[in-house]
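Q: Below is a structure I'd like to ask you about.
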Amino acid sequence: MADVLISAEDLHKRLTGADGPRPLVLDVRWALGDPHGREHYLERRIPGSAYVDLNADLAAPAGALEGRHPLPEPAQFQATARRWGLHQGESVVVLDDNGGLAAARAWWLLRWAGHAEVSLLDGGLAAWVEAGFELDGEQDSIPSPEPGDVELGSGGMPTLDIDEAAGFPGRGALLDARAGERYRGETEPIDPRAGHIPGALSAPTGENLRKDGKFKDAQELRQRFEALGVPADGPVAAYCGSGVTAAHQVAALAVAGIDAALYPGSWSQWSNHADRPVATGPAA
């Protein structure tokens, strides 16, 4: 759990030099239907944090056959991370104001690119504020970071392509991280077809969190995933709408001590391929 999450108190100690080297803090505020993440960041932010644009920095351009948030090319992502000021071996803390649902994409992507020293701020900005720590606002300047020298690649986290996702339920648990009504096919506000990948299990991402927006503990999460049908020793993978909140599912599984693959194309890719079958209803 300590490898995945960091508390607001521990982050504050590190930022003030009281406990270990200072990490690079990345603010990944983003939510469907709210395009104003940067404005929210400018209004109030952890001092010294850098804003990360999920659409521009953590994904390649969208395409119907690839999905809404394809993985960026490694060289492009390396250039982006260097622009943030990330150096080789430097630790990173990522956060948002929505339970980590967006920040987990940065957590996962950096690990996929081979940068293992990255943690999610448990509880996000709300936990920092609740602890009484200082914020910067619109009146405060934002220093431009010196370019970093991090070396990034790919393959540090397991992934599935569309064909592997199709066959995965036959050998393990494929978790659908979207809201239950989207899984069941009762509604689909974004993608062209409603329903889920046949054989997938409904596992809404929000249920990884407590009411205060922090992750449930390892035991609670193990019990949750066991009840959903995740095998103790079998393979596990996750998908969502476009590969963003599924990264949160992978993080929650990691807190529970379970390794999992991610299907980056997710439903936004699957539903755009007319030859791919779609299941509806509550039963996997």
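By convention here, the chains of the structure tokens are called A, B, ... in the order presented, each chain's residues are numbered starting at 1, and ligands are numbered starting at 1 in the order presented.
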Neighbours of His12 (chain A) within 9 Å (only C-alpha atoms; same-chain residues fewer than 6 positions away dropped), as a list of chain:residue names?
A: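 Once the nearby chain positions are removed, what remains is A:Ala18, A:Asp19, A:Trp128, A:Phe133.
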Q: Write the residues you've just listed into a file as a PDB file, in the first residue's frame, and include N, CA, C and O atoms for each of them.
A:
ATOM      1  N   ALA A  18      11.589  17.578   5.736  1.00  0.00           N
ATOM      2  CA  ALA A  18      11.666  16.884   7.024  1.00  0.00           C
ATOM      3  C   ALA A  18      11.805  15.378   6.884  1.00  0.00           C
ATOM      4  O   ALA A  18      12.131  14.697   7.861  1.00  0.00           O
ATOM      5  N   ASP A  19      11.579  14.854   5.696  1.00  0.00           N
ATOM      6  CA  ASP A  19      11.610  13.396   5.534  1.00  0.00           C
ATOM      7  C   ASP A  19      11.916  13.043   4.095  1.00  0.00           C
ATOM      8  O   ASP A  19      11.013  12.909   3.275  1.00  0.00           O
ATOM      9  N   TRP A 128      -5.220  17.219   1.661  1.00  0.00           N
ATOM     10  CA  TRP A 128      -4.219  18.260   1.948  1.00  0.00           C
ATOM     11  C   TRP A 128      -4.871  19.438   2.670  1.00  0.00           C
ATOM     12  O   TRP A 128      -4.346  19.947   3.670  1.00  0.00           O
ATOM     13  N   PHE A 133      -2.795  22.263   5.537  1.00  0.00           N
ATOM     14  CA  PHE A 133      -1.563  22.694   4.890  1.00  0.00           C
ATOM     15  C   PHE A 133      -1.847  23.821   3.894  1.00  0.00           C
ATOM     16  O   PHE A 133      -2.939  23.939   3.349  1.00  0.00           O
TER      17      PHE A 133
END
Q: Enumerate, in order of chain and increasing residue number, the residues of region 115-182 of chain A with an atom no farther than 12 Å from region 236-245 of chain A, each with its shortest atom pair and distance in Å to one decimal, counting only C-alpha atoms, as JSON lines.
A:
{"residue": "A:Met157", "atom": "CA", "partner": "A:Ala237", "partner_atom": "CA", "distance": 11.4}
{"residue": "A:Pro158", "atom": "CA", "partner": "A:Ala237", "partner_atom": "CA", "distance": 8.9}
{"residue": "A:Thr159", "atom": "CA", "partner": "A:Ala237", "partner_atom": "CA", "distance": 8.2}
{"residue": "A:Leu160", "atom": "CA", "partner": "A:Ala237", "partner_atom": "CA", "distance": 8.0}
{"residue": "A:Asp161", "atom": "CA", "partner": "A:Tyr239", "partner_atom": "CA", "distance": 10.9}
{"residue": "A:Ile162", "atom": "CA", "partner": "A:Tyr239", "partner_atom": "CA", "distance": 10.7}
{"residue": "A:Glu164", "atom": "CA", "partner": "A:Ala237", "partner_atom": "CA", "distance": 10.2}
{"residue": "A:Ala165", "atom": "CA", "partner": "A:Ala237", "partner_atom": "CA", "distance": 8.3}
{"residue": "A:Ala166", "atom": "CA", "partner": "A:Ala237", "partner_atom": "CA", "distance": 11.4}
{"residue": "A:Gly167", "atom": "CA", "partner": "A:Ala237", "partner_atom": "CA", "distance": 11.4}
{"residue": "A:Phe168", "atom": "CA", "partner": "A:Ala237", "partner_atom": "CA", "distance": 7.9}
{"residue": "A:Pro169", "atom": "CA", "partner": "A:Val236", "partner_atom": "CA", "distance": 9.1}
{"residue": "A:Gly170", "atom": "CA", "partner": "A:Val236", "partner_atom": "CA", "distance": 11.3}
{"residue": "A:Arg171", "atom": "CA", "partner": "A:Val236", "partner_atom": "CA", "distance": 9.0}
{"residue": "A:Gly172", "atom": "CA", "partner": "A:Val236", "partner_atom": "CA", "distance": 5.7}
{"residue": "A:Ala173", "atom": "CA", "partner": "A:Val236", "partner_atom": "CA", "distance": 4.9}
{"residue": "A:Leu174", "atom": "CA", "partner": "A:Ala237", "partner_atom": "CA", "distance": 4.9}
{"residue": "A:Leu175", "atom": "CA", "partner": "A:Ala238", "partner_atom": "CA", "distance": 4.6}
{"residue": "A:Asp176", "atom": "CA", "partner": "A:Tyr239", "partner_atom": "CA", "distance": 5.3}
{"residue": "A:Ala177", "atom": "CA", "partner": "A:Cys240", "partner_atom": "CA", "distance": 4.8}
{"residue": "A:Arg178", "atom": "CA", "partner": "A:Cys240", "partner_atom": "CA", "distance": 5.2}
{"residue": "A:Ala179", "atom": "CA", "partner": "A:Cys240", "partner_atom": "CA", "distance": 9.0}
{"residue": "A:Gly180", "atom": "CA", "partner": "A:Cys240", "partner_atom": "CA", "distance": 11.2}
{"residue": "A:Arg182", "atom": "CA", "partner": "A:Gly241", "partner_atom": "CA", "distance": 9.3}
Q: Quick one: residues within 7 Å of Pro72 (chain A), only C-alpha atoms counted, chain neighbours fewer than 3 positions away excluded, as a list in words?
A: Leu58, Ala59, Ala60, Gln76 and Phe77 of chain A
Q: Take the residues that were just selected and, keeping all heavy atoms, output them as a compact mmCIF listing (two decimals), in the first residue's frame.
A:
# COMPACT_ATOMS: atom_id res chain seq x y z
N LEU A 58 -1.26 12.99 -21.17
CA LEU A 58 -1.31 11.59 -20.77
C LEU A 58 -1.99 10.70 -21.79
O LEU A 58 -2.38 9.57 -21.47
CB LEU A 58 -2.04 11.47 -19.41
CG LEU A 58 -1.46 12.31 -18.26
CD1 LEU A 58 -2.27 12.08 -16.99
CD2 LEU A 58 0.01 11.98 -18.02
N ALA A 59 -2.15 11.18 -23.01
CA ALA A 59 -2.80 10.39 -24.05
C ALA A 59 -2.37 10.88 -25.42
O ALA A 59 -1.99 12.05 -25.58
CB ALA A 59 -4.32 10.47 -23.92
N ALA A 60 -2.42 9.98 -26.39
CA ALA A 60 -2.27 10.36 -27.79
C ALA A 60 -3.62 10.89 -28.28
O ALA A 60 -4.65 10.73 -27.62
CB ALA A 60 -1.83 9.16 -28.61
N GLN A 76 7.23 10.81 -27.11
CA GLN A 76 6.45 12.01 -26.83
C GLN A 76 6.19 12.16 -25.34
O GLN A 76 6.27 13.26 -24.78
CB GLN A 76 5.12 11.95 -27.59
CG GLN A 76 4.22 13.15 -27.38
CD GLN A 76 4.87 14.45 -27.83
OE1 GLN A 76 5.46 14.50 -28.91
NE2 GLN A 76 4.79 15.49 -27.01
N PHE A 77 5.90 11.04 -24.67
CA PHE A 77 5.65 11.11 -23.24
C PHE A 77 6.92 11.48 -22.49
O PHE A 77 6.86 12.23 -21.50
CB PHE A 77 5.09 9.78 -22.74
CG PHE A 77 4.68 9.81 -21.29
CD1 PHE A 77 3.83 10.79 -20.81
CD2 PHE A 77 5.17 8.86 -20.39
CE1 PHE A 77 3.47 10.82 -19.47
CE2 PHE A 77 4.80 8.89 -19.06
CZ PHE A 77 3.95 9.87 -18.59
Q: If you count only C-alpha atoms, which residues fall within 10 Å of region 186-192 of chain A, apart from same-chain ones fewer than 2 positions away, as a ChimeraX atom specification?
A: /A:32,64,67-68,179-184,194-195,241-242,267-274,280-281
Q: Taking a cut-off of 10 Å and counting only C-alpha atoms, can you build a table that, for each residue of region 112-190 of chain A near region 33-43 of chain A, reports the nearest atom pair and how far apart they are in Å (one decimal), sorted by chain then residue number, as a Markdown table?
A:
| residue | atom | partner | partner_atom | distance |
| --- | --- | --- | --- | --- |
| A:Leu135 | CA | A:Glu43 | CA | 9.5 |
| A:Asp136 | CA | A:Glu43 | CA | 7.9 |
| A:Gly137 | CA | A:Glu43 | CA | 4.9 |
| A:Glu138 | CA | A:Glu43 | CA | 5.1 |
| A:Gln139 | CA | A:Glu43 | CA | 8.7 |
| A:Asp140 | CA | A:Leu42 | CA | 8.9 |
| A:Ser141 | CA | A:Leu42 | CA | 9.7 |
| A:Ile142 | CA | A:Leu42 | CA | 9.0 |
Q: Give me the residues near Ser144 (chain A) as a list in words, where near means some atom within 12 Å (using only C-alpha atoms) and where sequence neighbours in that chain fewer than 2 positions away do not count.
A: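 Final neighbour list, sorted by chain and number: Gly48, Ser49, Ala50, Tyr51, Arg83, Trp84, Gly85, Ser141, Ile142, Glu146, Pro147 and Gly148 of chain A.
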Q: Could the residues in this selection be saved with N, CA and C atoms as a short mmCIF file (atom, residue, chain, number, x, y, z; two decimals), in the first residue's frame?
A:
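File produced: selection36.cif:
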data_model
loop_
_atom_site.label_atom_id
_atom_site.label_comp_id
_atom_site.auth_asym_id
_atom_site.auth_seq_id
_atom_site.Cartn_x
_atom_site.Cartn_y
_atom_site.Cartn_z
N GLY A 48 4.30 24.68 -5.48
CA GLY A 48 5.33 24.01 -6.26
C GLY A 48 4.83 22.93 -7.19
N SER A 49 3.53 22.61 -7.15
CA SER A 49 3.00 21.55 -8.01
C SER A 49 2.90 22.05 -9.45
N ALA A 50 2.95 21.11 -10.37
CA ALA A 50 2.83 21.40 -11.80
C ALA A 50 1.52 20.84 -12.31
N TYR A 51 0.86 21.57 -13.20
CA TYR A 51 -0.40 21.10 -13.77
C TYR A 51 -0.14 20.14 -14.92
N ARG A 83 9.44 18.18 -19.74
CA ARG A 83 8.88 19.53 -19.65
C ARG A 83 8.34 19.81 -18.24
N TRP A 84 7.79 18.78 -17.59
CA TRP A 84 7.35 18.95 -16.20
C TRP A 84 8.54 19.20 -15.26
N GLY A 85 9.74 18.83 -15.70
CA GLY A 85 10.92 18.94 -14.86
C GLY A 85 11.32 17.64 -14.19
N SER A 141 2.83 33.32 -8.11
CA SER A 141 3.48 32.99 -9.38
C SER A 141 3.75 31.48 -9.46
N ILE A 142 3.83 31.00 -10.68
CA ILE A 142 4.12 29.59 -10.93
C ILE A 142 5.48 29.53 -11.62
N GLU A 146 13.04 23.81 -14.55
CA GLU A 146 14.15 23.48 -15.43
C GLU A 146 13.84 22.14 -16.11
N PRO A 147 14.15 22.00 -17.40
CA PRO A 147 13.85 20.75 -18.08
C PRO A 147 14.49 19.56 -17.38
N GLY A 148 13.74 18.45 -17.31
CA GLY A 148 14.25 17.24 -16.70
C GLY A 148 15.06 16.40 -17.66
#
Q: Just how far from CA of Val278 (chain A) is CA of Leu101 (chain A), in Å to one decimal?
A: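 Computing the Euclidean distance for CA of Leu101 (chain A) and CA of Val278 (chain A) yields 25.3 Å.
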Q: So which bits of region 30-146 of chain A end up strand (DSSP E or B) when you DSSP the backbone, as a list in words?
A: Ala31, Asp34, Arg44, Arg45, Ala50, Tyr51, Gly63, Gly67, Val92, Val93, Val94, Leu95, Val118, Ser119, Leu120, Leu121, Asp136 and Gly137 of chain A
Q: Tell me which of A:Gln249, A:Gln88, A:Asn208, A:Asn98 sits closest to Leu110 (chain A), counting only C-alpha atoms.
A: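 Going through A:Gln249, A:Gln88, A:Asn208, A:Asn98 one by one, the smallest distance to Leu110 (chain A) is for A:Gln88.
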Q: Find the residues around Ala247 (chain A) up to 6 Å (only C-alpha atoms counted), leave out those fewer than 4 positions away in its own chain, and share them as a ChimeraX atom specification.
A: /A:104-105,108
Q: If you run DSSP on the backbone, which residues of region 46-282 of chain A are helix (DSSP H, G or I), as a ChimeraX atom specification?
A: /A:54-57,74-84,103-112,124-130,162-170,180-184,205-208,218-228,245-255,266-270
Q: Hey, which of A:Gly155, A:Gly89, A:Pro143, A:Pro282 ends up closest to Arg111 (chain A)? Count only C-alpha atoms.
A: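 Of the candidates, the smallest distance to Arg111 (chain A) is held by A:Gly155.
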Q: What separation in Å, quoted to one decimal, exists between CA of Gly100 (chain A) and CA of Leu228 (chain A)?
A: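 CA of Leu228 (chain A) lies 21.6 Å from CA of Gly100 (chain A).
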